[in-house]
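As provided, entry.cif (mmCIF, C-alpha atoms) reads as follows.
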```cif
data_data
loop_
_atom_site.group_PDB
_atom_site.id
_atom_site.type_symbol
_atom_site.label_atom_id
_atom_site.label_comp_id
_atom_site.auth_asym_id
_atom_site.auth_seq_id
_atom_site.Cartn_x
_atom_site.Cartn_y
_atom_site.Cartn_z
ATOM 1 C CA MET R 1 30.054 103.972 133.942
ATOM 2 C CA GLN R 2 32.944 106.054 132.651
ATOM 3 C CA ASP R 3 33.387 109.445 134.335
ATOM 4 C CA HIS R 4 33.003 112.467 132.092
ATOM 5 C CA LEU R 5 36.645 113.519 131.917
ATOM 6 C CA SER R 6 37.686 109.948 131.052
ATOM 7 C CA ALA R 7 35.051 109.867 128.307
ATOM 8 C CA THR R 8 36.461 113.110 126.890
ATOM 9 C CA PHE R 9 40.084 111.885 126.936
ATOM 10 C CA SER R 10 38.963 108.583 125.452
ATOM 11 C CA ALA R 11 37.107 110.349 122.622
ATOM 12 C CA LEU R 12 40.270 112.353 121.844
ATOM 13 C CA ALA R 13 42.485 109.251 121.777
ATOM 14 C CA ASP R 14 41.907 108.635 118.075
ATOM 15 C CA PRO R 15 43.422 110.522 115.110
ATOM 16 C CA THR R 16 40.257 110.267 112.970
ATOM 17 C CA ARG R 17 38.122 111.745 115.736
ATOM 18 C CA ARG R 18 40.625 114.569 116.252
ATOM 19 C CA ALA R 19 40.587 115.203 112.474
ATOM 20 C CA ILE R 20 36.780 115.381 112.583
ATOM 21 C CA LEU R 21 36.986 117.989 115.365
ATOM 22 C CA ALA R 22 39.584 119.967 113.376
ATOM 23 C CA ARG R 23 37.209 120.004 110.383
ATOM 24 C CA LEU R 24 34.273 121.078 112.557
ATOM 25 C CA ALA R 25 36.343 123.887 114.067
ATOM 26 C CA LEU R 26 35.971 125.535 110.621
ATOM 27 C CA GLY R 27 32.163 125.330 110.791
ATOM 28 C CA GLU R 28 29.252 122.916 110.968
ATOM 29 C CA THR R 29 28.823 120.399 108.174
ATOM 30 C CA SER R 30 26.792 117.378 107.076
ATOM 31 C CA VAL R 31 27.924 113.852 107.877
ATOM 32 C CA SER R 32 28.501 113.053 104.203
ATOM 33 C CA ASP R 33 30.751 116.106 103.688
ATOM 34 C CA LEU R 34 32.525 115.246 106.902
ATOM 35 C CA ALA R 35 33.193 111.681 105.737
ATOM 36 C CA LYS R 36 34.664 112.675 102.336
ATOM 37 C CA PRO R 37 38.346 113.112 103.281
ATOM 38 C CA PHE R 38 38.418 109.856 105.260
ATOM 39 C CA ASP R 39 38.989 106.505 103.652
ATOM 40 C CA ILE R 40 36.657 104.682 106.020
ATOM 41 C CA SER R 41 33.096 103.350 105.827
ATOM 42 C CA GLY R 42 29.940 105.295 106.647
ATOM 43 C CA PRO R 43 29.190 103.103 109.689
ATOM 44 C CA ALA R 44 32.751 103.685 110.985
ATOM 45 C CA ILE R 45 32.259 107.463 110.711
ATOM 46 C CA SER R 46 28.921 107.133 112.497
ATOM 47 C CA ARG R 47 30.568 105.246 115.354
ATOM 48 C CA HIS R 48 33.216 107.979 115.706
ATOM 49 C CA LEU R 49 30.505 110.667 115.703
ATOM 50 C CA LYS R 50 28.591 108.791 118.385
ATOM 51 C CA VAL R 51 31.687 108.693 120.639
ATOM 52 C CA LEU R 52 32.242 112.429 120.111
ATOM 53 C CA GLU R 53 28.558 113.172 120.750
ATOM 54 C CA GLN R 54 28.503 111.135 123.967
ATOM 55 C CA ALA R 55 31.536 113.080 125.213
ATOM 56 C CA GLY R 56 29.628 116.299 124.477
ATOM 57 C CA LEU R 57 32.243 117.372 121.917
ATOM 58 C CA ILE R 58 29.762 117.626 119.051
ATOM 59 C CA THR R 59 26.046 118.172 118.675
ATOM 60 C CA ARG R 60 23.806 117.016 115.828
ATOM 61 C CA GLY R 61 21.047 119.022 114.181
ATOM 62 C CA ARG R 62 17.529 117.641 114.527
ATOM 63 C CA GLU R 63 16.334 118.115 110.940
ATOM 64 C CA ALA R 64 15.516 114.785 109.244
ATOM 65 C CA GLN R 65 17.249 115.518 105.950
ATOM 66 C CA TRP R 66 20.147 117.643 107.069
ATOM 67 C CA ARG R 67 21.611 116.772 110.422
ATOM 68 C CA PRO R 68 24.680 118.994 110.534
ATOM 69 C CA CYS R 69 27.443 118.182 113.027
ATOM 70 C CA LYS R 70 28.677 121.034 115.137
ATOM 71 C CA LEU R 71 31.657 121.295 117.410
ATOM 72 C CA ASP R 72 31.013 122.235 121.040
ATOM 73 C CA ALA R 73 34.463 123.394 122.122
ATOM 74 C CA ARG R 74 33.259 124.079 125.670
ATOM 75 C CA ALA R 75 33.507 120.331 126.311
ATOM 76 C CA LEU R 76 37.292 120.752 126.122
ATOM 77 C CA ARG R 77 37.465 123.184 129.034
ATOM 78 C CA PRO R 78 37.598 120.421 131.685
ATOM 79 C CA VAL R 79 40.671 119.059 129.867
ATOM 80 C CA ASP R 80 42.254 122.510 129.993
ATOM 81 C CA ASP R 81 41.373 122.870 133.684
ATOM 82 C CA TRP R 82 42.856 119.449 134.413
ATOM 83 C CA LEU R 83 46.081 120.439 132.603
ATOM 84 C CA GLU R 84 46.417 123.626 134.657
ATOM 85 C CA ARG R 85 48.203 122.112 137.655
ATOM 86 C CA TYR R 86 50.732 120.346 135.419
ATOM 87 C CA ARG R 87 51.405 123.403 133.267
ATOM 88 C CA LYS R 88 53.469 125.063 135.980
ATOM 89 C CA LEU R 89 55.546 121.882 136.346
ATOM 90 C CA TRP R 90 56.736 121.809 132.744
ATOM 91 C CA GLU R 91 57.204 125.581 132.739
ATOM 92 C CA GLU R 92 59.459 125.257 135.818
ATOM 93 C CA ARG R 93 61.468 122.599 134.029
ATOM 94 C CA PHE R 94 62.001 124.955 131.110
ATOM 95 C CA ASP R 95 62.975 127.793 133.440
ATOM 96 C CA ARG R 96 65.616 125.526 135.020
ATOM 97 C CA LEU R 97 66.882 124.582 131.551
ATOM 98 C CA ASP R 98 67.133 128.294 130.687
ATOM 99 C CA ASP R 99 69.224 128.888 133.809
ATOM 100 C CA TYR R 100 71.496 125.974 133.017
ATOM 101 C CA LEU R 101 72.074 127.157 129.443
ATOM 102 C CA ARG R 102 72.883 130.657 130.700
ATOM 103 C CA GLU R 103 75.405 129.210 133.141
ATOM 104 C CA LEU R 104 77.029 127.200 130.366
ATOM 105 C CA GLN R 105 77.198 130.307 128.197
ATOM 106 C CA ALA R 106 78.747 132.321 131.040
ATOM 107 C CA GLN R 107 81.393 129.620 131.443
ATOM 108 C CA GLY R 108 82.132 129.868 127.741
ATOM 109 C CA ASP R 109 82.542 133.637 128.167
ATOM 110 C CA GLY R 110 85.095 133.036 130.962
ATOM 111 C CA GLU R 111 82.762 134.269 133.680
ATOM 112 C CA ASN R 112 82.599 132.594 137.075
ATOM 113 C CA PRO R 113 79.581 130.219 136.771
ATOM 114 C CA LYS R 114 78.527 131.172 140.324
ATOM 115 C CA ASP R 115 78.101 134.813 139.241
ATOM 116 C CA ALA R 116 75.898 133.763 136.324
ATOM 117 C CA LYS R 117 73.794 131.632 138.656
ATOM 118 C CA ASP R 118 73.328 134.482 141.144
ATOM 119 C CA ARG R 119 72.399 136.826 138.317
ATOM 120 C CA ASN R 120 69.803 134.344 137.094
ATOM 121 C CA LYS R 121 68.376 134.108 140.610
ATOM 122 C CA ASP R 122 67.981 137.903 140.749
ATOM 123 C CA ARG R 123 66.410 137.867 137.306
ATOM 124 C CA ASN R 124 63.897 135.222 138.378
ATOM 125 C CA LYS R 125 63.122 137.079 141.613
ATOM 126 C CA ASN R 126 62.228 140.233 139.695
ATOM 127 C CA ARG R 127 60.237 138.392 137.078
ATOM 128 C CA LYS R 128 56.546 139.182 137.237
ATOM 129 C CA PRO R 129 54.328 136.228 138.080
ATOM 130 C CA LYS R 130 52.884 134.643 134.957
ATOM 131 C CA GLU R 131 49.534 136.062 134.039
ATOM 132 C CA LYS R 132 46.686 133.687 134.615
ATOM 133 C CA LYS R 133 45.434 132.401 131.306
ATOM 134 C CA ARG R 134 41.818 133.348 131.844
ATOM 135 C CA GLY R 135 39.837 134.683 134.714
ATOM 136 C CA ARG R 136 36.481 133.084 134.172
ATOM 137 C CA LYS R 137 35.109 129.861 135.498
ATOM 138 C CA THR R 138 31.783 128.327 134.535
ATOM 139 C CA MET E 1 50.684 101.336 116.104
ATOM 140 C CA GLN E 2 49.031 104.089 118.076
ATOM 141 C CA ASP E 3 50.315 107.613 117.379
ATOM 142 C CA HIS E 4 51.894 109.412 120.308
ATOM 143 C CA LEU E 5 49.157 111.948 120.986
ATOM 144 C CA SER E 6 46.538 109.180 120.937
ATOM 145 C CA ALA E 7 48.642 107.162 123.395
ATOM 146 C CA THR E 8 48.796 110.190 125.709
ATOM 147 C CA PHE E 9 45.046 110.843 125.568
ATOM 148 C CA SER E 10 44.407 107.138 126.056
ATOM 149 C CA ALA E 11 46.670 107.028 129.121
ATOM 150 C CA LEU E 12 44.755 109.982 130.606
ATOM 151 C CA ALA E 13 41.346 108.357 130.001
ATOM 152 C CA ASP E 14 41.328 106.595 133.363
ATOM 153 C CA PRO E 15 40.664 108.114 136.807
ATOM 154 C CA THR E 16 43.202 105.861 138.592
ATOM 155 C CA ARG E 17 45.960 106.865 136.176
ATOM 156 C CA ARG E 18 45.096 110.549 136.601
ATOM 157 C CA ALA E 19 45.172 110.068 140.399
ATOM 158 C CA ILE E 20 48.637 108.482 140.075
ATOM 159 C CA LEU E 21 49.836 111.525 138.108
ATOM 160 C CA ALA E 22 48.319 113.875 140.712
ATOM 161 C CA ARG E 23 50.245 112.017 143.447
ATOM 162 C CA LEU E 24 53.477 112.136 141.434
ATOM 163 C CA ALA E 25 53.041 115.877 140.865
ATOM 164 C CA LEU E 26 53.925 116.190 144.580
ATOM 165 C CA GLY E 27 57.210 114.311 144.125
ATOM 166 C CA GLU E 28 58.675 110.964 143.111
ATOM 167 C CA THR E 29 57.713 107.896 145.120
ATOM 168 C CA SER E 30 58.046 104.107 145.255
ATOM 169 C CA VAL E 31 55.458 101.862 143.615
ATOM 170 C CA SER E 32 54.345 100.459 146.988
ATOM 171 C CA ASP E 33 53.735 103.950 148.430
ATOM 172 C CA LEU E 34 51.978 104.898 145.232
ATOM 173 C CA ALA E 35 49.661 101.862 145.461
ATOM 174 C CA LYS E 36 48.596 102.504 149.087
ATOM 175 C CA PRO E 37 45.625 104.842 148.556
ATOM 176 C CA PHE E 38 44.175 102.643 145.786
ATOM 177 C CA ASP E 39 42.005 99.655 146.504
ATOM 178 C CA ILE E 40 43.377 97.648 143.576
ATOM 179 C CA SER E 41 45.889 94.815 143.175
ATOM 180 C CA GLY E 42 49.635 95.211 142.685
ATOM 181 C CA PRO E 43 49.464 93.814 139.129
ATOM 182 C CA ALA E 44 46.682 96.297 138.279
ATOM 183 C CA ILE E 45 48.848 99.192 139.515
ATOM 184 C CA SER E 46 51.754 97.844 137.458
ATOM 185 C CA ARG E 47 49.609 97.767 134.338
ATOM 186 C CA HIS E 48 48.553 101.387 134.908
ATOM 187 C CA LEU E 49 52.195 102.421 135.430
ATOM 188 C CA LYS E 50 53.188 100.658 132.223
ATOM 189 C CA VAL E 51 50.559 102.592 130.243
ATOM 190 C CA LEU E 52 51.766 105.875 131.761
ATOM 191 C CA GLU E 53 55.409 104.966 131.104
ATOM 192 C CA GLN E 54 54.729 104.064 127.460
ATOM 193 C CA ALA E 55 53.032 107.436 126.969
ATOM 194 C CA GLY E 56 56.166 109.102 128.411
ATOM 195 C CA LEU E 57 54.171 110.541 131.317
ATOM 196 C CA ILE E 58 56.284 108.855 133.980
ATOM 197 C CA THR E 59 59.812 107.492 134.246
ATOM 198 C CA ARG E 60 61.053 104.709 136.532
ATOM 199 C CA GLY E 61 64.326 104.700 138.440
ATOM 200 C CA ARG E 62 66.801 101.978 137.534
ATOM 201 C CA GLU E 63 67.902 100.889 141.029
ATOM 202 C CA ALA E 64 66.987 97.237 141.748
ATOM 203 C CA GLN E 65 65.600 97.835 145.250
ATOM 204 C CA TRP E 66 64.077 101.256 144.896
ATOM 205 C CA ARG E 67 62.569 102.076 141.530
ATOM 206 C CA PRO E 68 60.889 105.404 142.194
ATOM 207 C CA CYS E 69 58.237 106.641 139.771
ATOM 208 C CA LYS E 70 58.586 110.181 138.593
ATOM 209 C CA LEU E 71 56.217 112.407 136.656
ATOM 210 C CA ASP E 72 57.456 113.849 133.375
ATOM 211 C CA ALA E 73 55.024 116.732 132.866
ATOM 212 C CA ARG E 74 56.645 117.666 129.539
ATOM 213 C CA ALA E 75 54.719 114.781 127.961
ATOM 214 C CA LEU E 76 51.566 116.848 128.508
ATOM 215 C CA ARG E 77 52.718 119.739 126.351
ATOM 216 C CA PRO E 78 51.515 118.173 123.079
ATOM 217 C CA VAL E 79 48.041 117.957 124.667
ATOM 218 C CA ASP E 80 48.248 121.647 125.568
ATOM 219 C CA ASP E 81 49.429 122.514 122.049
ATOM 220 C CA TRP E 82 46.587 120.494 120.545
ATOM 221 C CA LEU E 83 44.063 122.353 122.758
ATOM 222 C CA GLU E 84 45.389 125.739 121.656
ATOM 223 C CA ARG E 85 43.311 126.078 118.489
ATOM 224 C CA TYR E 86 40.093 125.155 120.338
ATOM 225 C CA ARG E 87 40.772 127.477 123.265
ATOM 226 C CA LYS E 88 39.908 130.556 121.244
ATOM 227 C CA LEU E 89 36.620 128.930 120.166
ATOM 228 C CA TRP E 90 35.305 128.447 123.693
ATOM 229 C CA GLU E 91 36.609 131.866 124.720
ATOM 230 C CA GLU E 92 34.690 133.442 121.803
ATOM 231 C CA ARG E 93 31.566 131.658 122.954
ATOM 232 C CA PHE E 94 31.971 133.164 126.404
ATOM 233 C CA ASP E 95 32.574 136.609 124.918
ATOM 234 C CA ARG E 96 29.297 136.296 122.994
ATOM 235 C CA LEU E 97 27.515 135.212 126.176
ATOM 236 C CA ASP E 98 28.966 138.285 127.939
ATOM 237 C CA ASP E 99 27.613 140.517 125.170
ATOM 238 C CA TYR E 100 24.209 138.889 125.335
ATOM 239 C CA LEU E 101 23.997 139.308 129.117
ATOM 240 C CA ARG E 102 25.004 142.979 128.809
ATOM 241 C CA GLU E 103 22.297 143.528 126.206
ATOM 242 C CA LEU E 104 19.709 141.926 128.481
ATOM 243 C CA GLN E 105 20.862 144.122 131.330
ATOM 244 C CA ALA E 106 20.643 147.250 129.147
ATOM 245 C CA GLN E 107 17.085 146.284 128.236
ATOM 246 C CA GLY E 108 16.281 145.963 131.930
ATOM 247 C CA ASP E 109 17.716 149.463 132.445
ATOM 248 C CA GLY E 110 15.396 150.829 129.736
ATOM 249 C CA GLU E 111 18.227 151.405 127.254
ATOM 250 C CA ASN E 112 17.824 150.707 123.552
ATOM 251 C CA PRO E 113 19.338 147.198 123.110
ATOM 252 C CA LYS E 114 20.961 148.331 119.835
ATOM 253 C CA ASP E 115 22.980 150.988 121.753
ATOM 254 C CA ALA E 116 24.215 148.351 124.191
ATOM 255 C CA LYS E 117 25.212 146.102 121.285
ATOM 256 C CA ASP E 118 27.139 148.912 119.572
ATOM 257 C CA ARG E 119 28.877 149.785 122.817
ATOM 258 C CA ASN E 120 29.922 146.149 123.260
ATOM 259 C CA LYS E 121 31.280 146.143 119.712
ATOM 260 C CA ASP E 122 33.422 149.191 120.466
ATOM 261 C CA ARG E 123 34.582 147.629 123.690
ATOM 262 C CA ASN E 124 35.618 144.439 121.882
ATOM 263 C CA LYS E 125 37.373 146.421 119.173
ATOM 264 C CA ASN E 126 39.498 148.244 121.728
ATOM 265 C CA ARG E 127 40.197 145.135 123.732
ATOM 266 C CA LYS E 128 43.829 144.149 123.628
ATOM 267 C CA PRO E 129 44.482 140.821 121.982
ATOM 268 C CA LYS E 130 44.829 138.034 124.530
ATOM 269 C CA GLU E 131 48.376 137.476 125.581
ATOM 270 C CA LYS E 132 49.826 134.282 124.273
ATOM 271 C CA LYS E 133 50.149 131.781 127.049
ATOM 272 C CA ARG E 134 53.823 131.082 126.482
ATOM 273 C CA GLY E 135 56.336 131.970 123.848
ATOM 274 C CA ARG E 136 58.506 128.902 123.708
ATOM 275 C CA LYS E 137 58.270 125.882 121.526
ATOM 276 C CA THR E 138 60.381 122.794 121.856
#
```
Write the structure described by the file as structure tokens, please.
Amino acid sequence: MQDHLSATFSALADPTRRAILARLALGETSVSDLAKPFDISGPAISRHLKVLEQAGLITRGREAQWRPCKLDARALRPVDDWLERYRKLWEERFDRLDDYLRELQAQGDGENPKDAKDRNKDRNKNRKPKEKKRGRKT
Amino acid sequence: MQDHLSATFSALADPTRRAILARLALGETSVSDLAKPFDISGPAISRHLKVLEQAGLITRGREAQWRPCKLDARALRPVDDWLERYRKLWEERFDRLDDYLRELQAQGDGENPKDAKDRNKDRNKNRKPKEKKRGRKT
């Protein structure tokens, strides 16, 4: 059986399913309204909805006539939590790029590149640690 | 052809591939060292690496003897950007849960629930907008 995080990533690995989620982010809607903008068959839409439902990304109403689809954005939190450890890696890369560009600029200004580098180091040392994105955990 | 974001999500939809990325987050390494902790064949590891490489999540060195694998965390930024619009939805849900729990608590304290609700409203009104996670865009 697929683990839950894999099921979530797998459900997101399709542009139609992501478009369905984007539509549902605006509010709940019926399957027929949901299908309108897509040039695909009813059964194909139903299959996409089933994948999203199994990943916990949407819920379906229980009324026989009107079974609205509703986004459950909480199912995306594990993806965000998984990303967390990698976020600092790409941010570091951008910080290093910043430093490099500043050094290049200092060279253009006729400054000793070493001075620019040391100044950047001081700047980074005094920089406040990045604020944590959110404090709560489920 | 699969769009790039779908390829990234698809590459992440496998626990072995996520474990490979977690290992590479510690530093670059050879394929044989990378394969050690996994109880799967060399060809299977190679297939996983190919999927990760095609999604831009890893790069391979070009030396004939030693082709180290290296994480490229920047390839995860589009996933983070995609999540952004949904982040506020699950945060709102948690804010509403907070309010509800405070109302329940106020009821337990013998306070008029309406007063607690109004106080929460004021509190939310005065709350500073959440700081944006980062200011840069590629």
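Omitting region 28-45 of chain R and its sequence neighbours fewer than 4 positions away, and counting all atoms listed in the file, the residues within 7 Å are Leu24, Leu49, Trp66, Arg67, Pro68, Cys69 and Lys70 of chain R.
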Anything within 7 Å of (36.3, 111.3, 113.3): list those residues as a PDB file with C-alpha atoms, keeping the file's coordinate frame, counting only C-alpha atoms and sticking to the file's coordinates.
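As written to disk, result.pdb reads:
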```
ATOM      1  CA  THR R  16      40.257 110.267 112.970  1.00  0.00           C
ATOM      2  CA  ARG R  17      38.122 111.745 115.736  1.00  0.00           C
ATOM      3  CA  ARG R  18      40.625 114.569 116.252  1.00  0.00           C
ATOM      4  CA  ALA R  19      40.587 115.203 112.474  1.00  0.00           C
ATOM      5  CA  ILE R  20      36.780 115.381 112.583  1.00  0.00           C
ATOM      6  CA  ILE R  45      32.259 107.463 110.711  1.00  0.00           C
ATOM      7  CA  HIS R  48      33.216 107.979 115.706  1.00  0.00           C
ATOM      8  CA  LEU R  49      30.505 110.667 115.703  1.00  0.00           C
TER       9      LEU R  49
END
```
Write out as a CSV table (one decimal) with C-alpha atoms, keeping the file's coordinate frame which residues come within 12 Å of Ser10 (chain E) when counting only C-alpha atoms, dropping same-chain ones fewer than 2 positions away.
```csv
chain,number,residue,atom,x,y,z
R,5,LEU,CA,36.6,113.5,131.9
R,6,SER,CA,37.7,109.9,131.1
R,7,ALA,CA,35.1,109.9,128.3
R,8,THR,CA,36.5,113.1,126.9
R,9,PHE,CA,40.1,111.9,126.9
R,10,SER,CA,39.0,108.6,125.5
R,11,ALA,CA,37.1,110.3,122.6
R,12,LEU,CA,40.3,112.4,121.8
R,13,ALA,CA,42.5,109.3,121.8
R,14,ASP,CA,41.9,108.6,118.1
R,15,PRO,CA,43.4,110.5,115.1
E,2,GLN,CA,49.0,104.1,118.1
E,3,ASP,CA,50.3,107.6,117.4
E,4,HIS,CA,51.9,109.4,120.3
E,5,LEU,CA,49.2,111.9,121.0
E,6,SER,CA,46.5,109.2,120.9
E,7,ALA,CA,48.6,107.2,123.4
E,8,THR,CA,48.8,110.2,125.7
E,12,LEU,CA,44.8,110.0,130.6
E,13,ALA,CA,41.3,108.4,130.0
E,14,ASP,CA,41.3,106.6,133.4
E,15,PRO,CA,40.7,108.1,136.8
E,17,ARG,CA,46.0,106.9,136.2
E,18,ARG,CA,45.1,110.5,136.6
E,48,HIS,CA,48.6,101.4,134.9
E,51,VAL,CA,50.6,102.6,130.2
E,52,LEU,CA,51.8,105.9,131.8
E,54,GLN,CA,54.7,104.1,127.5
E,55,ALA,CA,53.0,107.4,127.0
E,57,LEU,CA,54.2,110.5,131.3
E,79,VAL,CA,48.0,118.0,124.7
```
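Reported to one decimal place, the separation of CA of Asp81 (chain R) from CA of Arg23 (chain R) is 23.8 Å.
The spacing separating CA of Leu21 (chain R) from CA of Trp90 (chain E) amounts to 13.5 Å.
Computed from the coordinates, the CA of Met1 (chain E) to CA of Asp72 (chain R) distance equals 29.1 Å.
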Across R:Ala106, R:Leu101, R:Ile58, R:Leu71, the smallest distance to chain E, with all atoms listed in the file counted, is shown by R:Leu71
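Ranking E:Glu84, E:Asp99, E:Glu53, E:Asp109 by their shortest atom-to-atom distance to chain R, with only C-alpha atoms included, puts E:Glu84 first.
Across E:Glu92, E:Thr59, E:Arg102, E:Gln107, the tightest approach to Ala73 (chain E) is made by E:Thr59 when counting only C-alpha atoms.
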Once you've located region 45-80 of chain E in the structure I gave, write it as a compact mmCIF listing (two decimals), in the first residue's frame, keeping C-alpha atoms.
```txt
# COMPACT_ATOMS: atom_id res chain seq x y z
CA ILE E 45 18.51 2.72 -7.57
CA SER E 46 19.60 3.93 -11.01
CA ARG E 47 16.00 4.21 -12.14
CA HIS E 48 15.13 6.26 -9.04
CA LEU E 49 18.14 8.54 -9.64
CA LYS E 50 17.09 9.03 -13.25
CA VAL E 51 13.60 10.14 -12.18
CA LEU E 52 15.10 12.58 -9.66
CA GLU E 53 17.60 13.87 -12.24
CA GLN E 54 14.88 14.43 -14.87
CA ALA E 55 12.88 16.45 -12.34
CA GLY E 56 16.01 18.58 -11.72
CA LEU E 57 16.13 17.50 -8.08
CA ILE E 58 19.63 16.04 -8.33
CA THR E 59 22.67 16.53 -10.55
CA ARG E 60 25.38 13.98 -11.35
CA GLY E 61 29.10 14.68 -11.55
CA ARG E 62 30.74 14.13 -14.91
CA GLU E 63 33.91 12.30 -13.81
CA ALA E 64 34.08 8.75 -15.24
CA GLN E 65 35.15 7.05 -12.00
CA TRP E 66 33.36 9.12 -9.42
CA ARG E 67 29.99 10.50 -10.43
CA PRO E 68 28.73 11.99 -7.18
CA CYS E 69 25.03 12.75 -6.82
CA LYS E 70 24.15 16.15 -5.52
CA LEU E 71 20.85 17.59 -4.34
CA ASP E 72 19.57 20.70 -6.10
CA ALA E 73 17.05 22.00 -3.57
CA ARG E 74 16.10 24.92 -5.84
CA ALA E 75 13.96 22.47 -7.83
CA LEU E 76 11.64 22.35 -4.81
CA ARG E 77 10.83 26.05 -4.89
CA PRO E 78 8.03 25.69 -7.47
CA VAL E 79 6.38 23.21 -5.07
CA ASP E 80 6.68 25.76 -2.26
```
